[in-house]
Protein chains: 2
Amino acid sequence: MSPQRATTGLVQTHAARSLADGRPAGARGGGNLLFLTDQQLRQGVELMFFAYRDMVADADRLLEDRGYGRAHHRCLHFVWRRPGIPVTGLLEILGVTKQSLNRVLRQLVEDGLIRSEVGPRDRRQRLLDLTEEGETLVRALSAAQNERMRRVFLEAGPEAVQAFKTVLAGMIDEGSRDRALALIEDQG
Amino acid sequence: MSPQRATTGLVQTHAARSLADGRPAGARGGGNLLFLTDQQLRQGVELMFFAYRDMVADADRLLEDRGYGRAHHRCLHFVWRRPGIPVTGLLEILGVTKQSLNRVLRQLVEDGLIRSEVGPRDRRQRLLDLTEEGETLVRALSAAQNERMRRVFLEAGPEAVQAFKTVLAGMIDEGSRDRALALIEDQG
DNA sequence: TTTTAATGTCAACAAGGCTGACGTAAAATT
DNA sequence: AATTTTACGTCAGCCTTGTTGACATTAAAA
């Protein structure tokens, strides 16, 4: 037996091994709450940090070719998810000031990635849509991040993916969770 | 039967229900790969976005009282996790330039949250540690985020938490994964 | 007709990234 | 012993993306 450093059970090559071993829930870990120690919780926070960092980096590489940043990405993304959204709606989703949004939005409209049209019912509104070029870019951005997800999801298996999503959904502020989930649920 | 919008199976009140139902892996979902559609992957990405946003917001509130930002948080956090780390080590973890780090680091040292001492073996190095005041702050920041994690972890259960962590770990770049996991594994 | 709402825009500022250049002290190498 | 490399700090300037405050326009609502 070689000396081994004590670990906290984090590293596990295949999630499937622990999730899909056929044992009923509670057979391992029992009723104890060792998975709720400060250390375990901190690990969760830190993993979020590293995983998020590397995930956004995928898109960042595509964006910098065109001189865009994450602000442009978010803007494009939510116009993609909510075609015809008015500026106010986008402001609510993004949670930034209109001056801040307008700066990147103006750029994207000038560059021909986003189309801004007067609202038919309320002519004060500007309804936002992606142009073909805009959709091409946003799909490329999405594909870059999806590729990372796909690899991990495939390794982890459907049960682990479901658990992953449930935990993430639970982390969203209760006040905005429904809106966020509705946005996410929409078919694309 | 009231009309119901088709969903993608994202919303599920208790992850435990799907994970801990005692059925062996593969009994549900079988061998099909419906959980790997572009839509499912996109949902994963978007959930990361929303969950991360709300998680860091907890700490942001504590930071703004003292006029600090996320840069200060990251700096404090990793000095906490790696007591006695030299500036170069911190630069590697954070992935920023020394000019950028130095700006916040200088502030934290001046404010008495971080102590910088000449290295005993290599006197060129400055080894960084938290002062008592620094540790107080970093623990408060950690506690704020842990609280959110604890609530979600408790609801999801140990199997779901394990799956959550495994998926996140898989999302980290392969090149930096081992280093990140080693950092995370360390006892606090 | 007056008020309110949706949008755009100008100016000024701050945080926190970046590059480039330069200086100093100390370790490592020749 | 002399030279080179490393670790660190700092100055100056630029960029993105956030902020406030002020103001104008248009159109809907009261």
# chains A, B, ... in the order shown; residues from 1 in each chain; ligands from 1
>>> calpha_fit_and_write(fixed="chain A", moving="chain B", output="short mmCIF file (atom, residue, chain, number, x, y, z; two decimals) with C-alpha atoms, in the first residue's frame")
data_model
loop_
_atom_site.label_atom_id
_atom_site.label_comp_id
_atom_site.auth_asym_id
_atom_site.auth_seq_id
_atom_site.Cartn_x
_atom_site.Cartn_y
_atom_site.Cartn_z
CA MET B 1 0.47 0.20 -0.21
CA SER B 2 1.86 3.54 -1.27
CA PRO B 3 1.08 6.52 0.90
CA GLN B 4 -1.94 8.39 -0.34
CA ARG B 5 -3.12 11.87 0.36
CA ALA B 6 -6.58 12.05 1.81
CA THR B 7 -9.08 13.36 -0.70
CA THR B 8 -12.63 14.50 -0.54
CA GLY B 9 -14.01 12.24 -3.16
CA LEU B 10 -14.12 14.88 -5.84
CA VAL B 11 -12.12 13.25 -8.56
CA GLN B 12 -14.05 10.50 -10.23
CA THR B 13 -13.35 9.55 -13.79
CA HIS B 14 -16.87 8.52 -14.63
CA ALA B 15 -19.84 9.98 -12.90
CA ALA B 16 -21.80 7.13 -14.33
CA ARG B 17 -20.05 4.83 -11.94
CA SER B 18 -21.61 6.40 -8.91
CA LEU B 19 -24.90 7.31 -10.46
CA ALA B 20 -25.63 4.28 -12.49
CA ASP B 21 -24.52 1.50 -10.25
CA GLY B 22 -28.06 0.39 -9.79
CA ARG B 23 -28.13 0.90 -6.08
CA PRO B 24 -31.13 2.72 -4.72
CA ALA B 25 -30.63 6.20 -3.36
CA GLY B 26 -29.44 6.34 0.20
CA ALA B 27 -27.64 3.02 0.00
CA ARG B 28 -24.43 4.98 -0.18
CA GLY B 29 -23.98 8.17 1.78
CA GLY B 30 -26.95 7.10 3.80
CA GLY B 31 -28.56 9.84 5.79
CA ASN B 32 -25.33 11.55 6.77
CA LEU B 33 -24.59 15.02 5.60
CA LEU B 34 -20.89 14.81 4.88
CA PHE B 35 -21.55 16.27 1.44
CA LEU B 36 -22.66 19.50 3.09
CA THR B 37 -19.43 20.41 4.87
CA ASP B 38 -18.01 23.87 4.25
CA GLN B 39 -15.23 22.27 2.32
CA GLN B 40 -17.58 20.43 -0.01
CA LEU B 41 -19.58 23.58 -0.57
CA ARG B 42 -16.46 25.61 -1.27
CA GLN B 43 -15.43 23.02 -3.83
CA GLY B 44 -18.74 23.51 -5.58
CA VAL B 45 -18.18 27.24 -5.76
CA GLU B 46 -14.64 26.88 -7.03
CA LEU B 47 -15.63 24.33 -9.65
CA MET B 48 -18.23 26.75 -10.92
CA PHE B 49 -15.50 29.36 -11.22
CA PHE B 50 -13.10 27.21 -13.23
CA ALA B 51 -15.73 25.57 -15.41
CA TYR B 52 -17.38 28.88 -16.25
CA ARG B 53 -14.03 30.48 -17.02
CA ASP B 54 -13.08 27.82 -19.55
CA MET B 55 -16.55 27.67 -21.05
CA VAL B 56 -16.74 31.36 -21.90
CA ALA B 57 -13.17 31.22 -23.20
CA ASP B 58 -14.39 29.11 -26.12
CA ALA B 59 -16.67 31.88 -27.30
CA ASP B 60 -14.17 34.62 -26.44
CA ARG B 61 -11.77 33.33 -29.04
CA LEU B 62 -14.37 33.63 -31.79
CA LEU B 63 -15.42 37.07 -30.62
CA GLU B 64 -12.04 38.70 -30.50
CA ASP B 65 -11.53 38.04 -34.20
CA ARG B 66 -14.30 40.55 -34.87
CA GLY B 67 -13.32 42.89 -32.06
CA TYR B 68 -16.30 41.99 -29.94
CA GLY B 69 -16.52 41.13 -26.26
CA ARG B 70 -18.83 39.25 -23.97
CA ALA B 71 -21.28 42.11 -23.93
CA HIS B 72 -21.81 41.62 -27.65
CA HIS B 73 -22.15 37.88 -27.14
CA ARG B 74 -24.87 38.23 -24.50
CA CYS B 75 -26.71 40.73 -26.63
CA LEU B 76 -26.63 38.54 -29.73
CA HIS B 77 -27.52 35.46 -27.75
CA PHE B 78 -30.69 36.78 -26.18
CA VAL B 79 -31.88 38.41 -29.37
CA TRP B 80 -31.41 34.99 -30.90
CA ARG B 81 -33.41 33.33 -28.13
CA ARG B 82 -36.12 35.99 -28.20
CA PRO B 83 -36.58 37.16 -31.77
CA GLY B 84 -38.45 40.44 -31.99
CA ILE B 85 -37.68 41.40 -28.42
CA PRO B 86 -37.98 45.12 -27.68
CA VAL B 87 -35.02 46.99 -26.21
CA THR B 88 -36.68 47.12 -22.80
CA GLY B 89 -37.04 43.36 -22.75
CA LEU B 90 -33.40 42.92 -23.50
CA LEU B 91 -32.49 45.40 -20.77
CA GLU B 92 -34.44 43.34 -18.25
CA ILE B 93 -32.75 40.09 -19.21
CA LEU B 94 -29.26 41.54 -19.27
CA GLY B 95 -29.62 43.67 -16.18
CA VAL B 96 -27.55 46.57 -17.46
CA THR B 97 -28.33 50.21 -18.08
CA LYS B 98 -29.68 51.32 -21.41
CA GLN B 99 -26.60 53.45 -21.98
CA SER B 100 -24.41 50.43 -21.55
CA LEU B 101 -26.58 48.25 -23.77
CA ASN B 102 -26.96 50.94 -26.37
CA ARG B 103 -23.23 51.15 -26.88
CA VAL B 104 -22.89 47.55 -28.01
CA LEU B 105 -26.32 47.41 -29.62
CA ARG B 106 -25.54 50.38 -31.85
CA GLN B 107 -22.36 48.67 -32.94
CA LEU B 108 -24.15 45.42 -33.76
CA VAL B 109 -26.83 47.22 -35.75
CA GLU B 110 -24.23 49.27 -37.63
CA ASP B 111 -22.25 46.12 -38.36
CA GLY B 112 -25.37 44.49 -39.77
CA LEU B 113 -25.70 41.68 -37.22
CA ILE B 114 -28.87 42.93 -35.60
CA ARG B 115 -31.88 44.49 -37.26
CA SER B 116 -33.91 47.08 -35.37
CA GLU B 117 -37.44 47.74 -36.56
CA VAL B 118 -40.23 49.98 -35.38
CA GLY B 119 -42.84 48.02 -33.48
CA PRO B 120 -46.07 47.53 -35.44
CA ARG B 121 -48.41 47.91 -32.47
CA ASP B 122 -46.35 50.33 -30.40
CA ARG B 123 -44.34 52.52 -32.70
CA ARG B 124 -42.12 53.71 -29.85
CA GLN B 125 -40.60 50.28 -29.55
CA ARG B 126 -37.66 49.00 -31.53
CA LEU B 127 -37.99 45.27 -32.08
CA LEU B 128 -34.69 43.44 -32.42
CA ASP B 129 -33.85 40.53 -34.69
CA LEU B 130 -30.75 38.85 -35.96
CA THR B 131 -29.76 39.32 -39.57
CA GLU B 132 -28.46 36.30 -41.44
CA GLU B 133 -24.94 37.34 -40.62
CA GLY B 134 -25.86 37.73 -36.97
CA GLU B 135 -27.39 34.30 -36.88
CA THR B 136 -24.30 32.82 -38.47
CA LEU B 137 -22.12 34.28 -35.75
CA VAL B 138 -24.37 33.36 -32.86
CA ARG B 139 -24.64 29.80 -34.10
CA ALA B 140 -20.88 29.55 -34.32
CA LEU B 141 -20.59 30.86 -30.77
CA SER B 142 -23.17 28.41 -29.52
CA ALA B 143 -21.54 25.53 -31.36
CA ALA B 144 -18.18 26.29 -29.78
CA GLN B 145 -19.63 26.05 -26.30
CA ASN B 146 -21.87 23.11 -27.12
CA GLU B 147 -18.90 21.08 -28.18
CA ARG B 148 -17.44 21.28 -24.70
CA MET B 149 -20.80 20.41 -23.17
CA ARG B 150 -21.34 17.50 -25.50
CA ARG B 151 -18.08 15.83 -24.61
CA VAL B 152 -18.75 16.16 -20.89
CA PHE B 153 -22.41 15.19 -21.09
CA LEU B 154 -21.57 12.10 -23.09
CA GLU B 155 -19.03 11.00 -20.51
CA ALA B 156 -21.30 11.71 -17.59
CA GLY B 157 -24.46 10.14 -18.92
CA PRO B 158 -28.10 11.27 -18.85
CA GLU B 159 -28.72 10.86 -15.12
CA ALA B 160 -25.68 12.95 -14.24
CA VAL B 161 -26.72 15.59 -16.76
CA GLN B 162 -30.16 15.77 -15.24
CA ALA B 163 -28.65 16.21 -11.80
CA PHE B 164 -26.25 18.83 -13.10
CA LYS B 165 -29.08 20.86 -14.55
CA THR B 166 -31.27 20.53 -11.50
CA VAL B 167 -28.53 21.79 -9.21
CA LEU B 168 -27.77 24.74 -11.50
CA ALA B 169 -31.44 25.64 -11.74
CA GLY B 170 -31.62 25.59 -7.96
CA MET B 171 -28.79 28.08 -7.74
CA ILE B 172 -30.69 30.72 -9.67
CA ASP B 173 -32.35 33.39 -7.54
CA GLU B 174 -35.85 32.32 -6.71
CA GLY B 175 -37.21 35.61 -7.96
CA SER B 176 -35.80 35.21 -11.44
CA ARG B 177 -35.78 31.43 -11.70
CA ASP B 178 -39.11 31.01 -13.45
CA ARG B 179 -38.28 33.62 -16.06
CA ALA B 180 -34.85 32.10 -16.64
CA LEU B 181 -36.22 28.58 -16.96
CA ALA B 182 -38.93 29.72 -19.34
CA LEU B 183 -36.28 31.32 -21.51
CA ILE B 184 -34.20 28.19 -21.45
CA GLU B 185 -37.06 25.81 -22.12
CA ASP B 186 -38.07 27.49 -25.36
CA GLN B 187 -37.46 25.43 -28.41
CA GLY B 188 -34.75 26.63 -30.77
#
>>> select_by_dssp(residues="stretch 27-154 of chain A", states="alpha helix (DSSP H)", output="PyMOL selection string")
chain A and resi 38-65+70-81+87-94+98-110+132-154
>>> closest_residue(among="C:DA27, C:DC13, C:DA6, C:DA21", to="chain B", atoms="only C-alpha atoms (C1' of nucleotides)")
C:DA27
>>> select_by_dssp(residues="stretch 39-167 of chain A", states="strand (DSSP E)", output="JSON, numbers by chain")
{"A": [85, 86, 114, 115, 116, 117, 118, 126, 127, 128, 129, 130]}
>>> interface_residues(of="chain C", to="chain B", cutoff="9 Å", atoms="only C-alpha atoms (C1' of nucleotides)", output="list in words")
DA15, DG16, DG17, DC18, DA25, DA26 and DA27 of chain C
>>> interface_residues(of="chain D", to="chain B", cutoff="10 Å", atoms="only C-alpha atoms (C1' of nucleotides)", output="JSON, numbers by chain")
{"D": [6, 7, 8, 9, 10]}
>>> write_last_selection(atoms="C-alpha atoms (C1' of nucleotides)", output="compact mmCIF listing (two decimals), in the first residue's frame")
# COMPACT_ATOMS: atom_id res chain seq x y z
C1' DT D 6 14.20 35.81 -12.51
C1' DA D 7 10.87 38.07 -9.34
C1' DC D 8 8.82 41.96 -8.45
C1' DG D 9 7.20 46.83 -8.63
C1' DT D 10 5.79 50.83 -11.19
